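Chemist: So here's coords29.tsv, just TSV, C-alpha atoms and all ligand atoms:
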chain	number	residue	atom	x	y	z
O	1	MET	CA	-0.80	53.62	6.18
O	2	VAL	CA	-4.52	53.10	5.61
O	3	VAL	CA	-5.86	49.77	6.79
O	4	LEU	CA	-9.19	48.46	5.57
O	5	TYR	CA	-10.83	46.02	7.88
O	6	LEU	CA	-14.12	44.15	8.07
O	7	ASN	CA	-16.22	45.15	11.02
O	8	ARG	CA	-17.41	41.85	12.43
O	9	SER	CA	-20.14	43.38	14.62
O	10	GLY	CA	-21.98	44.72	11.61
O	11	PRO	CA	-22.04	42.25	8.74
O	12	GLY	CA	-20.91	43.78	5.50
O	13	GLU	CA	-19.77	47.04	7.13
O	14	ILE	CA	-16.32	48.17	6.12
O	15	GLY	CA	-14.38	50.51	8.38
O	16	ILE	CA	-11.28	52.55	7.65
O	17	GLN	CA	-8.51	52.87	10.22
O	18	TRP	CA	-5.91	55.63	9.94
O	19	ASN	CA	-2.80	53.93	11.15
O	20	GLY	CA	-0.17	56.50	10.22
O	21	VAL	CA	0.98	59.34	12.49
O	22	ARG	CA	-1.35	58.21	15.26
O	23	GLY	CA	0.25	54.76	15.14
O	24	LEU	CA	3.69	56.33	15.53
O	25	GLU	CA	2.51	58.46	18.45
O	26	GLU	CA	0.96	55.44	20.13
O	27	LYS	CA	4.20	53.58	19.66
O	28	LEU	CA	6.26	56.36	21.28
O	29	ALA	CA	3.74	56.74	24.08
O	30	SER	CA	3.80	53.01	24.61
O	31	GLU	CA	7.51	53.05	25.46
O	32	ARG	CA	7.45	52.53	29.20
O	33	ILE	CA	10.34	53.67	31.32
O	34	LEU	CA	10.80	52.62	34.92
O	35	ILE	CA	12.42	55.36	37.03
O	36	VAL	CA	13.99	54.12	40.26
O	37	ASP	CA	15.27	56.76	42.70
O	38	ASP	CA	14.91	57.23	46.45
O	39	GLU	CA	14.68	61.03	46.11
O	40	PRO	CA	11.07	61.93	45.26
O	41	TYR	CA	12.12	65.19	43.66
O	42	VAL	CA	14.57	63.53	41.25
O	43	ARG	CA	12.15	60.87	40.06
O	44	THR	CA	9.28	63.31	39.65
O	45	LEU	CA	11.49	65.66	37.67
O	46	MET	CA	12.67	62.87	35.38
O	47	ALA	CA	9.10	61.67	34.93
O	48	ALA	CA	7.97	65.16	33.94
O	49	MET	CA	10.78	65.48	31.37
O	50	LEU	CA	9.97	62.09	29.85
O	51	GLU	CA	6.22	62.58	29.86
O	52	LYS	CA	6.63	65.76	27.83
O	53	SER	CA	8.39	63.68	25.20
O	54	SER	CA	5.52	61.19	25.04
O	55	TYR	CA	7.10	58.40	27.06
O	56	THR	CA	5.22	56.62	29.82
O	57	PRO	CA	7.20	56.84	33.06
O	58	VAL	CA	6.49	54.60	36.03
O	59	LEU	CA	8.04	55.48	39.39
O	60	ALA	CA	9.69	53.33	42.06
O	61	ALA	CA	11.37	54.57	45.26
O	62	ASN	CA	13.92	51.72	45.51
O	63	GLY	CA	15.08	48.42	44.02
O	64	LEU	CA	12.43	46.31	45.73
O	65	GLU	CA	9.60	48.49	44.47
O	66	ALA	CA	11.13	48.31	41.00
O	67	ILE	CA	11.12	44.48	41.15
O	68	GLU	CA	7.42	44.61	42.15
O	69	HIS	CA	6.67	46.60	39.00
O	70	LEU	CA	8.78	44.33	36.81
O	71	GLU	CA	7.06	41.24	38.14
O	72	HIS	CA	3.47	42.46	38.19
O	73	ASP	CA	3.38	45.07	35.47
O	74	PRO	CA	5.84	44.10	32.70
O	75	PRO	CA	7.25	44.76	30.19
O	76	TYR	CA	9.40	47.88	30.44
O	77	ASP	CA	11.43	49.26	27.58
O	78	LEU	CA	14.04	50.94	29.74
O	79	ILE	CA	15.05	51.26	33.40
O	80	LEU	CA	16.67	54.41	34.76
O	81	SER	CA	18.02	53.69	38.20
O	82	ASP	CA	19.88	55.45	40.98
O	83	ILE	CA	22.75	53.43	42.46
O	84	VAL	CA	22.77	54.20	46.16
O	85	MET	CA	19.39	53.35	47.67
O	86	ASN	CA	18.15	51.68	50.83
O	87	GLY	CA	16.95	48.09	50.61
O	88	LEU	CA	17.90	46.79	47.18
O	89	ASP	CA	20.41	49.18	45.62
O	90	GLY	CA	21.02	49.86	41.92
O	91	ILE	CA	23.64	47.11	41.51
O	92	GLY	CA	21.40	44.53	43.20
O	93	LEU	CA	18.53	45.62	40.96
O	94	LEU	CA	20.75	45.31	37.88
O	95	GLU	CA	21.51	41.68	38.77
O	96	ARG	CA	17.80	40.87	39.23
O	97	ILE	CA	16.89	42.57	35.95
O	98	ARG	CA	19.39	40.43	34.06
O	99	GLU	CA	17.26	37.48	35.26
O	100	LEU	CA	13.77	39.02	34.92
O	101	GLN	CA	14.08	41.02	31.69
O	102	PRO	CA	17.54	40.39	30.23
O	103	ASP	CA	16.78	42.37	27.05
O	104	THR	CA	15.75	45.55	28.86
O	105	PRO	CA	18.57	48.10	28.97
O	106	MET	CA	19.33	49.75	32.28
O	107	VAL	CA	20.90	53.19	32.63
O	108	MET	CA	22.51	54.08	35.97
O	109	VAL	CA	21.71	57.61	37.09
O	110	THR	CA	24.31	58.69	39.60
O	111	ALA	CA	26.08	61.55	41.35
O	112	ILE	CA	29.52	62.55	40.11
O	113	HIS	CA	31.37	60.85	42.99
O	114	ASP	CA	29.84	57.49	42.01
O	115	VAL	CA	31.42	57.33	38.54
O	116	ALA	CA	33.64	54.37	39.48
O	117	VAL	CA	30.57	52.49	40.73
O	118	ALA	CA	28.69	53.43	37.56
O	119	LEU	CA	31.52	52.06	35.42
O	120	SER	CA	31.58	48.83	37.39
O	121	ALA	CA	27.78	48.62	36.86
O	122	MET	CA	28.39	48.86	33.11
O	123	ARG	CA	30.83	45.98	33.34
O	124	LYS	CA	28.02	44.02	35.01
O	125	GLY	CA	25.67	44.70	32.12
O	126	ALA	CA	24.26	48.23	32.56
O	127	TYR	CA	23.87	49.89	29.17
O	128	ASP	CA	24.99	53.44	30.10
O	129	TYR	CA	25.17	55.94	32.94
O	130	LEU	CA	23.95	59.49	33.41
O	131	LEU	CA	25.55	61.95	35.85
O	132	LYS	CA	23.39	64.05	38.18
O	133	PRO	CA	22.61	66.85	37.78
O	134	PHE	CA	21.67	66.64	34.10
O	135	GLU	CA	19.88	68.72	31.52
O	136	LYS	CA	16.66	67.54	29.92
O	137	GLU	CA	18.44	67.15	26.57
O	138	GLN	CA	21.10	64.88	28.10
O	139	LEU	CA	18.39	62.70	29.59
O	140	LEU	CA	16.48	62.46	26.31
O	141	VAL	CA	19.58	61.66	24.24
O	142	THR	CA	20.58	58.91	26.68
O	143	VAL	CA	17.04	57.51	26.73
O	144	ARG	CA	16.74	57.61	22.94
O	145	ARG	CA	20.05	55.81	22.49
O	146	ALA	CA	19.18	53.12	25.03
O	147	LEU	CA	15.78	52.55	23.39
O	148	ASP	CA	17.38	52.37	19.93
O	149	TYR	CA	19.76	49.77	21.33
O	150	ARG	CA	16.83	47.77	22.73
O	151	ARG	CA	15.08	47.89	19.37
O	152	LEU	CA	18.21	46.59	17.65
O	153	VAL	CA	18.49	43.76	20.15
O	154	GLN	CA	14.85	42.87	19.59
O	155	GLN	CA	15.17	43.07	15.80
O	156	ASN	CA	18.18	40.85	16.06
O	157	LEU	CA	16.18	38.35	18.12
O	158	VAL	CA	13.33	38.37	15.60
O	159	TYR	CA	15.83	38.01	12.76
O	160	ARG	CA	17.48	35.06	14.49
O	161	HIS	CA	14.12	33.46	15.21
O	162	ASN	CA	13.05	33.91	11.57
O	163	LEU	CA	16.35	32.53	10.40
O	164	GLU	CA	15.93	29.47	12.60
O	165	GLN	CA	12.41	28.99	11.24
O	166	LEU	CA	13.68	29.35	7.70
O	167	VAL	CA	16.44	26.82	8.30
O	168	SER	CA	14.02	24.35	9.83
O	169	ALA	CA	11.51	24.86	6.98
O	170	ARG	CA	14.25	24.31	4.40
O	171	THR	CA	15.48	21.24	6.27
O	172	GLU	CA	11.95	19.84	6.21
O	173	MET	CA	11.71	20.54	2.46
O	174	LEU	CA	15.02	18.79	1.91
O	175	ARG	CA	13.89	15.82	4.00
O	176	GLN	CA	10.67	15.64	1.99
O	177	ALA	CA	12.63	15.81	-1.26
O	178	MET	CA	14.89	12.99	-0.05
O	179	THR	CA	11.83	10.89	0.86
O	180	ASP	CA	10.31	11.55	-2.58
O	181	LEU	CA	13.59	10.66	-4.21
O	182	GLU	CA	13.83	7.44	-2.24
O	183	ARG	CA	10.25	6.63	-3.22
O	184	SER	CA	11.12	7.16	-6.90
O	185	TYR	CA	14.11	4.86	-6.46
O	186	ASP	CA	11.84	2.20	-5.04
O	187	ILE	CA	9.36	2.58	-7.89
O	188	THR	CA	12.25	1.97	-10.30
O	189	LEU	CA	13.28	-1.09	-8.30
O	190	GLU	CA	9.71	-2.41	-8.40
O	191	ALA	CA	9.77	-2.11	-12.18
O	192	LEU	CA	12.99	-4.13	-12.22
O	193	GLY	CA	11.43	-6.75	-9.96
O	194	ASP	CA	8.32	-6.90	-12.16
O	195	ALA	CA	10.52	-7.42	-15.22
O	196	LEU	CA	12.11	-10.43	-13.51
O	197	ASP	CA	8.68	-11.78	-12.52
O	198	LEU	CA	7.63	-11.64	-16.19
O	199	LYS	CA	10.68	-13.68	-17.18
O	200	ASP	CA	10.40	-16.20	-14.36
O	201	ALA	CA	6.64	-16.47	-13.78
O	202	GLU	CA	7.05	-19.68	-11.80
O	203	THR	CA	8.10	-17.80	-8.69
O	204	GLU	CA	5.51	-15.06	-9.00
O	205	GLY	CA	5.13	-12.99	-5.86
O	206	HIS	CA	8.26	-14.57	-4.37
O	207	SER	CA	10.23	-11.28	-4.36
O	208	ARG	CA	7.49	-9.38	-2.54
O	209	ARG	CA	6.84	-12.11	0.02
O	210	VAL	CA	10.50	-12.71	0.73
O	211	THR	CA	10.99	-8.96	1.16
O	212	ALA	CA	8.12	-8.76	3.65
O	213	TYR	CA	9.48	-11.77	5.59
O	214	THR	CA	13.00	-10.32	5.56
O	215	ILE	CA	11.77	-6.97	6.91
O	216	ALA	CA	9.83	-8.64	9.72
O	217	LEU	CA	12.78	-10.86	10.63
O	218	ALA	CA	15.27	-7.97	10.46
O	219	ARG	CA	13.14	-5.85	12.79
O	220	HIS	CA	12.92	-8.73	15.27
O	221	CYS	CA	16.70	-9.10	15.06
O	222	GLY	CA	16.98	-5.48	16.24
O	223	VAL	CA	18.05	-4.01	12.89
O	224	ASP	CA	17.14	-0.30	12.67
O	225	LEU	CA	14.72	1.06	10.10
O	226	ALA	CA	17.35	2.65	7.81
O	227	GLN	CA	19.36	-0.58	7.62
O	228	THR	CA	16.15	-2.57	7.22
O	229	ARG	CA	15.39	-0.53	4.07
O	230	VAL	CA	18.80	-1.46	2.65
O	231	ILE	CA	18.25	-5.13	3.46
O	232	ALA	CA	14.72	-4.98	2.00
O	233	ARG	CA	16.09	-3.73	-1.32
O	234	GLY	CA	18.67	-6.51	-1.35
O	235	ALA	CA	15.95	-9.05	-0.61
O	236	PHE	CA	13.64	-7.69	-3.28
O	237	LEU	CA	16.35	-7.81	-5.95
O	238	HIS	CA	18.13	-10.96	-4.78
O	239	ASP	CA	17.57	-12.87	-8.03
O	240	ILE	CA	17.84	-9.89	-10.40
O	241	GLY	CA	20.95	-11.50	-11.91
O	242	LYS	CA	18.66	-14.21	-13.34
O	243	MET	CA	17.81	-11.66	-16.06
O	244	ALA	CA	21.22	-12.53	-17.48
O	245	ILE	CA	20.60	-16.32	-17.44
O	246	PRO	CA	19.47	-17.82	-20.78
O	247	ASP	CA	15.78	-18.86	-20.79
O	248	ALA	CA	16.76	-22.38	-21.86
O	249	ILE	CA	18.42	-22.82	-18.46
O	250	LEU	CA	16.27	-20.54	-16.30
O	251	LEU	CA	12.99	-22.05	-17.50
O	252	LYS	CA	14.20	-25.63	-18.10
O	253	PRO	CA	11.57	-27.97	-16.65
O	254	GLY	CA	13.93	-30.85	-15.85
O	255	LYS	CA	17.07	-31.21	-13.80
O	256	LEU	CA	20.01	-28.96	-14.75
O	257	THR	CA	23.27	-30.45	-15.95
O	258	LEU	CA	26.45	-29.63	-14.04
O	259	GLU	CA	27.38	-27.05	-16.66
O	260	GLU	CA	23.90	-25.47	-16.55
O	261	THR	CA	24.01	-25.38	-12.76
O	262	ALA	CA	27.30	-23.50	-12.93
O	263	ILE	CA	25.74	-20.93	-15.28
O	264	MET	CA	22.64	-20.66	-13.09
O	265	ARG	CA	24.87	-20.01	-10.08
O	266	GLU	CA	26.33	-17.00	-11.82
O	267	HIS	CA	23.14	-15.11	-11.07
O	268	CYS	CA	24.56	-13.84	-7.73
O	269	THR	CA	27.62	-12.27	-9.35
O	270	ARG	CA	25.57	-10.98	-12.30
O	271	GLY	CA	23.09	-9.34	-9.92
O	272	TYR	CA	25.93	-7.80	-7.94
O	273	GLN	CA	27.51	-6.42	-11.11
O	274	ILE	CA	24.22	-4.85	-12.19
O	275	LEU	CA	23.51	-3.16	-8.85
O	276	ARG	CA	26.89	-2.13	-7.47
O	277	LYS	CA	27.21	0.70	-10.00
O	278	ILE	CA	24.05	2.32	-8.64
O	279	PRO	CA	25.20	4.44	-5.65
O	280	PHE	CA	22.11	3.98	-3.47
O	281	LEU	CA	22.14	0.22	-4.08
O	282	GLU	CA	25.80	-0.38	-3.20
O	283	GLU	CA	24.99	-2.00	0.15
O	284	ALA	CA	22.00	-3.89	-1.22
O	285	ALA	CA	24.31	-5.22	-3.96
O	286	GLU	CA	26.44	-6.91	-1.27
O	287	ILE	CA	23.35	-8.78	-0.05
O	288	VAL	CA	22.49	-9.85	-3.60
O	289	TYR	CA	26.08	-11.07	-4.04
O	290	SER	CA	25.94	-13.14	-0.85
O	291	HIS	CA	22.36	-14.40	-0.82
O	292	GLN	CA	23.27	-18.00	-1.67
O	293	GLU	CA	26.12	-18.31	0.82
O	294	PHE	CA	25.87	-20.92	3.62
O	295	TYR	CA	26.81	-20.20	7.22
O	296	ASP	CA	29.24	-23.16	7.22
O	297	GLY	CA	31.00	-21.92	4.06
O	298	ASN	CA	29.41	-24.45	1.66
O	299	GLY	CA	27.39	-21.91	-0.29
O	300	TYR	CA	28.26	-19.91	-3.41
O	301	PRO	CA	29.65	-17.92	-5.21
O	302	ARG	CA	32.53	-17.10	-2.80
O	303	GLY	CA	32.11	-19.75	-0.09
O	304	LEU	CA	31.88	-17.07	2.63
O	305	LYS	CA	31.59	-18.35	6.19
O	306	GLY	CA	29.81	-17.15	9.37
O	307	GLU	CA	29.97	-13.42	9.87
O	308	GLU	CA	31.85	-12.92	6.60
O	309	ILE	CA	28.37	-13.12	5.12
O	310	PRO	CA	26.62	-9.72	5.45
O	311	LEU	CA	23.97	-9.71	8.19
O	312	GLY	CA	21.26	-8.82	5.66
O	313	ALA	CA	22.10	-11.90	3.58
O	314	ARG	CA	22.03	-14.14	6.68
O	315	ILE	CA	18.57	-12.81	7.58
O	316	PHE	CA	17.38	-13.03	3.98
O	317	SER	CA	18.43	-16.63	3.52
O	318	VAL	CA	16.05	-17.81	6.29
O	319	ALA	CA	13.20	-15.77	4.72
O	320	ASP	CA	14.00	-17.12	1.24
O	321	THR	CA	13.91	-20.74	2.34
O	322	LEU	CA	10.70	-20.14	4.29
O	323	ASP	CA	8.97	-18.86	1.17
O	324	ALA	CA	10.46	-21.50	-1.12
O	325	ILE	CA	9.18	-24.36	1.11
O	326	THR	CA	5.72	-22.84	1.63
O	327	SER	CA	5.09	-22.00	-2.07
O	328	ASP	CA	3.92	-24.29	-4.88
O	329	ARG	CA	6.44	-25.20	-7.55
O	330	PRO	CA	5.55	-26.91	-10.87
O	331	TYR	CA	7.29	-30.07	-9.66
O	332	ARG	CA	5.92	-30.13	-6.07
O	333	LYS	CA	3.19	-28.78	-3.82
O	334	ALA	CA	3.80	-26.25	-1.07
O	335	SER	CA	4.62	-27.57	2.40
O	336	SER	CA	3.18	-26.20	5.63
O	337	TYR	CA	4.74	-23.52	7.80
O	338	PRO	CA	5.50	-26.03	10.61
O	339	ALA	CA	7.34	-28.16	8.01
O	340	ALA	CA	9.37	-25.10	6.95
O	341	ARG	CA	10.09	-24.36	10.59
O	342	ARG	CA	11.47	-27.91	11.10
O	343	GLU	CA	13.61	-27.69	7.97
O	344	ILE	CA	15.07	-24.31	8.94
O	345	GLU	CA	15.82	-25.58	12.45
O	346	ARG	CA	17.53	-28.64	10.96
O	347	CYS	CA	19.80	-26.45	8.86
O	348	SER	CA	20.77	-24.12	11.72
O	349	GLY	CA	24.54	-23.78	11.79
O	350	THR	CA	25.02	-25.31	8.34
O	351	GLN	CA	22.96	-23.27	5.89
O	352	PHE	CA	21.73	-20.65	8.37
O	353	ASP	CA	23.15	-18.44	11.10
O	354	PRO	CA	21.96	-20.06	14.38
O	355	ALA	CA	21.24	-16.60	15.84
O	356	MET	CA	18.84	-15.81	12.99
O	357	VAL	CA	17.21	-19.23	13.30
O	358	GLU	CA	16.65	-18.62	16.99
O	359	VAL	CA	14.86	-15.34	16.30
O	360	PHE	CA	12.83	-17.03	13.55
O	361	LEU	CA	11.79	-19.92	15.81
O	362	GLY	CA	10.63	-17.44	18.43
O	363	LEU	CA	8.08	-15.96	16.01
O	364	PRO	CA	4.65	-17.52	15.42
O	365	ASP	CA	3.62	-19.07	12.08
O	366	SER	CA	0.67	-16.69	12.01
O	367	LEU	CA	3.10	-13.81	11.34
O	368	TRP	CA	4.25	-15.36	8.06
O	369	GLU	CA	0.71	-16.45	7.14
O	370	ASP	CA	-0.55	-12.89	7.69
O	371	LEU	CA	2.24	-11.39	5.63
O	372	ARG	CA	1.65	-13.87	2.79
O	373	ALA	CA	-2.09	-13.08	2.88
O	374	GLU	CA	-1.35	-9.37	2.84
O	375	MET	CA	0.95	-9.71	-0.18
O	376	THR	CA	-1.63	-11.83	-2.02
O	377	ARG	CA	-4.50	-9.46	-1.18
O	378	HIS	CA	-2.57	-6.43	-2.43
O	379	PRO	CA	-0.46	-7.63	-5.35
O	380	ARG	CA	0.59	-4.01	-6.06
O	381	PHE	CA	1.57	-3.43	-2.45
O	382	SER	CA	5.21	-2.52	-2.30
O	383	PRO	CA	7.02	-3.92	0.70
O	384	LEU	CA	9.93	-1.65	-0.21
O	385	SER	CA	8.07	1.63	0.10
O	386	PHE	CA	6.16	0.49	3.12
O	387	ALA	CA	8.90	-1.01	5.22
O	388	GLY	CA	7.36	0.79	8.23
O	389	ALA	CA	3.87	-0.46	7.40
O	390	ILE	CA	5.12	-4.02	7.19
O	391	GLU	CA	6.43	-3.61	10.67
O	392	ASP	CA	2.96	-2.60	11.80
O	393	LEU	CA	1.61	-5.91	10.49
O	394	LYS	CA	3.62	-7.75	13.11
O	395	VAL	CA	1.51	-9.88	15.42
Q	1	FE	FE	19.07	-16.82	-5.83
Q	2	FE	FE	14.74	-16.55	-3.86
Mind converting the file's structure to structure tokens?
Modeler:
Amino acid sequence: MVVLYLNRSGPGEIGIQWNGVRGLEEKLASERILIVDDEPYVRTLMAAMLEKSSYTPVLAANGLEAIEHLEHDPPYDLILSDIVMNGLDGIGLLERIRELQPDTPMVMVTAIHDVAVALSAMRKGAYDYLLKPFEKEQLLVTVRRALDYRRLVQQNLVYRHNLEQLVSARTEMLRQAMTDLERSYDITLEALGDALDLKDAETEGHSRRVTAYTIALARHCGVDLAQTRVIARGAFLHDIGKMAIPDAILLKPGKLTLEETAIMREHCTRGYQILRKIPFLEEAAEIVYSHQEFYDGNGYPRGLKGEEIPLGARIFSVADTLDAITSDRPYRKASSYPAARREIERCSGTQFDPAMVEVFLGLPDSLWEDLRAEMTRHPRFSPLSFAGAIEDLKV
């Protein structure tokens, strides 16, 4: 293979590197084999045979010397080791190698009367054994096979590593796609919310504010982020059923008759019916259904009581009242946050879950003022898509 490369020392110079046969030779020569034998003649003979075949032999007279090499001069592609040696013997060395270089194959080189020991070494993880005396060809075949085995093991490792990387890259892509999908869902929801705002201009900005308040309150109640997103969607769409209420009732300036009130109250069920068919809004639909329920059972439409009311709806109802009291209406001016605080405290246990009220009372008015200011400053800001960001606004 011819490789063109830019020579950095001389700007503009282009060199050509012949990376073919020489590369292969270098690769063979780079295969380092550690020969461990206490007989100098045996190890020198093996080294000579291997050197002739372009391997790089390194010699050690016993197990301890071999460990020295493995620790200070790694890596080795193969270890050829005698079994019976003074100090650390071949079996002891095998055990250490499984710790130091577990992927390096070890071939036991042994006299004929040690075959049983050689077999037991193989059970302990040696790759093969070679009986002394041996011919050069036998040595080379054994070495070649052991090195091929090592290459397979390494390729397998690389393959596994690549596979793991591929899986994690694909998982990340999937996660990103899910996030994008969720974002598109939220954009659709915002369009729905905007449509309601157009119909019922009197409460403009109410959906966004109440969503921001609900998120803050939910997080302080210990609700996790995933569940907070569900609750946020329920809060944002709580009055979506009002789309189904005739304008003559929805926008009537005066007091509603009993019959009109009954129709108006249908907005919870209507909203639920609209949303429950949408799979990712199933849970949010439950909150929409229950958002006008009272803790003591005097709410509507089902008269649910206490914990029969979904947690999200119990949290929402505090946020909803807070915004209703602190916002202008055509028939009255907005009240202050302390006034809202007193009213919510008064209705603890009747309209509201006392546990939610307690969390609410523990939070400063400045939190709600900041969130309201933020929603007013950025009218296009979506509390749905930025549930995490809302959390960051906490004081
Ligand atoms: Fe409502
Ligand atoms: Fe509301």
Chemist: Just give me the gap between CA of Asn156 (chain O) and CA of Leu119 (chain O) in Å, one decimal is fine.
Modeler: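 One can read the CA of Asn156 (chain O) to CA of Leu119 (chain O) distance as 26.0 Å.
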Chemist: Each residue of chain O lying at most 9 Å from ligand FE 1 (chain Q) should get a row with its shortest atom-to-atom pair and the distance in Å to one decimal, counting all atoms listed in the file; could you produce that, ordered by chain and increasing number, as a tab-separated table?
Modeler:
residue	atom	partner	partner_atom	distance
O:His238	CA	Q:FE1	FE	6.0
O:Asp239	CA	Q:FE1	FE	4.8
O:Ile240	CA	Q:FE1	FE	8.4
O:Gly241	CA	Q:FE1	FE	8.3
O:Lys242	CA	Q:FE1	FE	8.0
O:Met264	CA	Q:FE1	FE	9.0
O:Arg265	CA	Q:FE1	FE	7.9
O:His267	CA	Q:FE1	FE	6.9
O:Cys268	CA	Q:FE1	FE	6.5
O:Val288	CA	Q:FE1	FE	8.1
O:His291	CA	Q:FE1	FE	6.5
O:Gln292	CA	Q:FE1	FE	6.0
O:Asp320	CA	Q:FE1	FE	8.7
Chemist: When you look at Ala339 (chain O) with a cut-off of 12 Å (counting all atoms listed in the file), what residues show up, excluding the ones that are within fewer than 3 positions of it in the same chain? I need them as an MDAnalysis selection string.
Modeler: chainID O and resid 321:326 334:336 342:346 365
Chemist: Find the residue from O:Val210, O:Met356, O:Ala313, O:Ile91 that sits nearest to ligand FE 2 (chain Q); use all atoms listed in the file when measuring.
Modeler: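 Ranked by minimum distance to ligand FE 2 (chain Q), first place goes to O:Val210.
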Chemist: Would you kindly return, as a count of residues only, each protein, DNA or RNA residue with an atom no farther than 12 Å from any atom of region 249-252 of chain O, considering only C-alpha atoms and excluding same-chain residues fewer than 6 positions away?
Modeler: 23
Chemist: Find, counting all atoms listed in the file, the residue in O:Asn62, O:Ser184, O:Ser168, O:Gln273 that gets nearest to Leu80 (chain O).
Modeler: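 Of O:Asn62, O:Ser184, O:Ser168, O:Gln273, the one nearest Leu80 (chain O), counting all atoms listed in the file, is O:Asn62.
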Chemist: Could you check how far CA of Leu152 (chain O) sits from CA of Arg43 (chain O), in Å to one decimal?
Modeler: 27.3 Å
Chemist: What is the distance between CA of Ala284 (chain O) and CA of Thr376 (chain O), in Å to one decimal?
Modeler: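 Separation of CA of Ala284 (chain O) and CA of Thr376 (chain O): 24.9 Å.
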Chemist: Using only C-alpha atoms and all ligand atoms, which residue out of O:Ala319, O:Leu275, O:Leu181, O:Leu217 lies closest to ligand FE 2 (chain Q)?
Modeler: O:Ala319
Chemist: Given the choices O:Gly362, O:Pro279, O:Gly349, O:Pro74, which gets closest to Tyr185 (chain O) if the distance is worked out from all atoms listed in the file?
Modeler: O:Pro279
Chemist: Which one of O:Ser290, O:Thr110, O:Thr44, O:Gln165 sits closest to Thr269 (chain O) if you count only C-alpha atoms?
Modeler: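 Ranked by minimum distance to Thr269 (chain O), first place goes to O:Ser290.
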Chemist: Take the point (19.3, 65.7, 29.4) as written in the file and pick out every residue within 12 Å of it, counting only C-alpha atoms; give the list as a list in words.
Modeler: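 Every polymer residue passing the test: Leu45, Met46, Met49, Leu50, Ser53, Val109, Tyr129, Leu130, Leu131, Lys132, Pro133, Phe134, Glu135, Lys136, Glu137, Gln138, Leu139, Leu140, Val141, Thr142, Val143 and Arg144 of chain O.
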Chemist: Looking at all atoms listed in the file, which of O:Ala216, O:Ala177, O:Gln227, O:Asp247 is the one that sits closest to Pro364 (chain O)?
Modeler: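 Checking each of O:Ala216, O:Ala177, O:Gln227, O:Asp247 against Pro364 (chain O), counting all atoms listed in the file, the winner is O:Ala216.
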Chemist: Counting all atoms listed in the file, note down every residue that has an atom within 12 Å of the point (16.5, 48.6, 22.9) (file coordinates), as a VMD selection string.
Modeler: chain O and resid 31 to 33 76 to 79 101 to 107 127 142 to 157
Chemist: Using only C-alpha atoms, please write the residues we just selected to a file, as a PDB file, in the coordinates of the input.
Modeler:
ATOM      1  CA  GLU O  31       7.510  53.050  25.460  1.00  0.00           C
ATOM      2  CA  ARG O  32       7.450  52.530  29.200  1.00  0.00           C
ATOM      3  CA  ILE O  33      10.340  53.670  31.320  1.00  0.00           C
ATOM      4  CA  TYR O  76       9.400  47.880  30.440  1.00  0.00           C
ATOM      5  CA  ASP O  77      11.430  49.260  27.580  1.00  0.00           C
ATOM      6  CA  LEU O  78      14.040  50.940  29.740  1.00  0.00           C
ATOM      7  CA  ILE O  79      15.050  51.260  33.400  1.00  0.00           C
ATOM      8  CA  GLN O 101      14.080  41.020  31.690  1.00  0.00           C
ATOM      9  CA  PRO O 102      17.540  40.390  30.230  1.00  0.00           C
ATOM     10  CA  ASP O 103      16.780  42.370  27.050  1.00  0.00           C
ATOM     11  CA  THR O 104      15.750  45.550  28.860  1.00  0.00           C
ATOM     12  CA  PRO O 105      18.570  48.100  28.970  1.00  0.00           C
ATOM     13  CA  MET O 106      19.330  49.750  32.280  1.00  0.00           C
ATOM     14  CA  VAL O 107      20.900  53.190  32.630  1.00  0.00           C
ATOM     15  CA  TYR O 127      23.870  49.890  29.170  1.00  0.00           C
ATOM     16  CA  THR O 142      20.580  58.910  26.680  1.00  0.00           C
ATOM     17  CA  VAL O 143      17.040  57.510  26.730  1.00  0.00           C
ATOM     18  CA  ARG O 144      16.740  57.610  22.940  1.00  0.00           C
ATOM     19  CA  ARG O 145      20.050  55.810  22.490  1.00  0.00           C
ATOM     20  CA  ALA O 146      19.180  53.120  25.030  1.00  0.00           C
ATOM     21  CA  LEU O 147      15.780  52.550  23.390  1.00  0.00           C
ATOM     22  CA  ASP O 148      17.380  52.370  19.930  1.00  0.00           C
ATOM     23  CA  TYR O 149      19.760  49.770  21.330  1.00  0.00           C
ATOM     24  CA  ARG O 150      16.830  47.770  22.730  1.00  0.00           C
ATOM     25  CA  ARG O 151      15.080  47.890  19.370  1.00  0.00           C
ATOM     26  CA  LEU O 152      18.210  46.590  17.650  1.00  0.00           C
ATOM     27  CA  VAL O 153      18.490  43.760  20.150  1.00  0.00           C
ATOM     28  CA  GLN O 154      14.850  42.870  19.590  1.00  0.00           C
ATOM     29  CA  GLN O 155      15.170  43.070  15.800  1.00  0.00           C
ATOM     30  CA  ASN O 156      18.180  40.850  16.060  1.00  0.00           C
ATOM     31  CA  LEU O 157      16.180  38.350  18.120  1.00  0.00           C
TER      32      LEU O 157
END
Chemist: Around region 108-115 of chain O, fit a box with edges along x, y and z, padding it by 6 Å on each side, then list its centre and edge lengths in Å to one decimal as AutoDock Vina command-line options.
Modeler:
--center_x 26.6 --center_y 58.3 --center_z 39.5 --size_x 21.7 --size_y 20.5 --size_z 19.0
Chemist: Can you tell me, as a list in words, what residues are no more than 12 Å from Ser120 (chain O) when counting all atoms listed in the file, ignoring any on the same chain fewer than 5 positions away?
Modeler: Ile83, Gly90, Ile91, Leu94, Met108, Asp114, Val115, Gly125, Ala126, Tyr127, Asp128 and Tyr129 of chain O
Chemist: Pick out the residues sitting within 10 Å of Glu71 (chain O), and hand them over as a PyMOL selection string; count all atoms listed in the file, and ignore anything fewer than 5 positions along from it in its own chain.
Modeler: chain O and resi 65-66+100-101
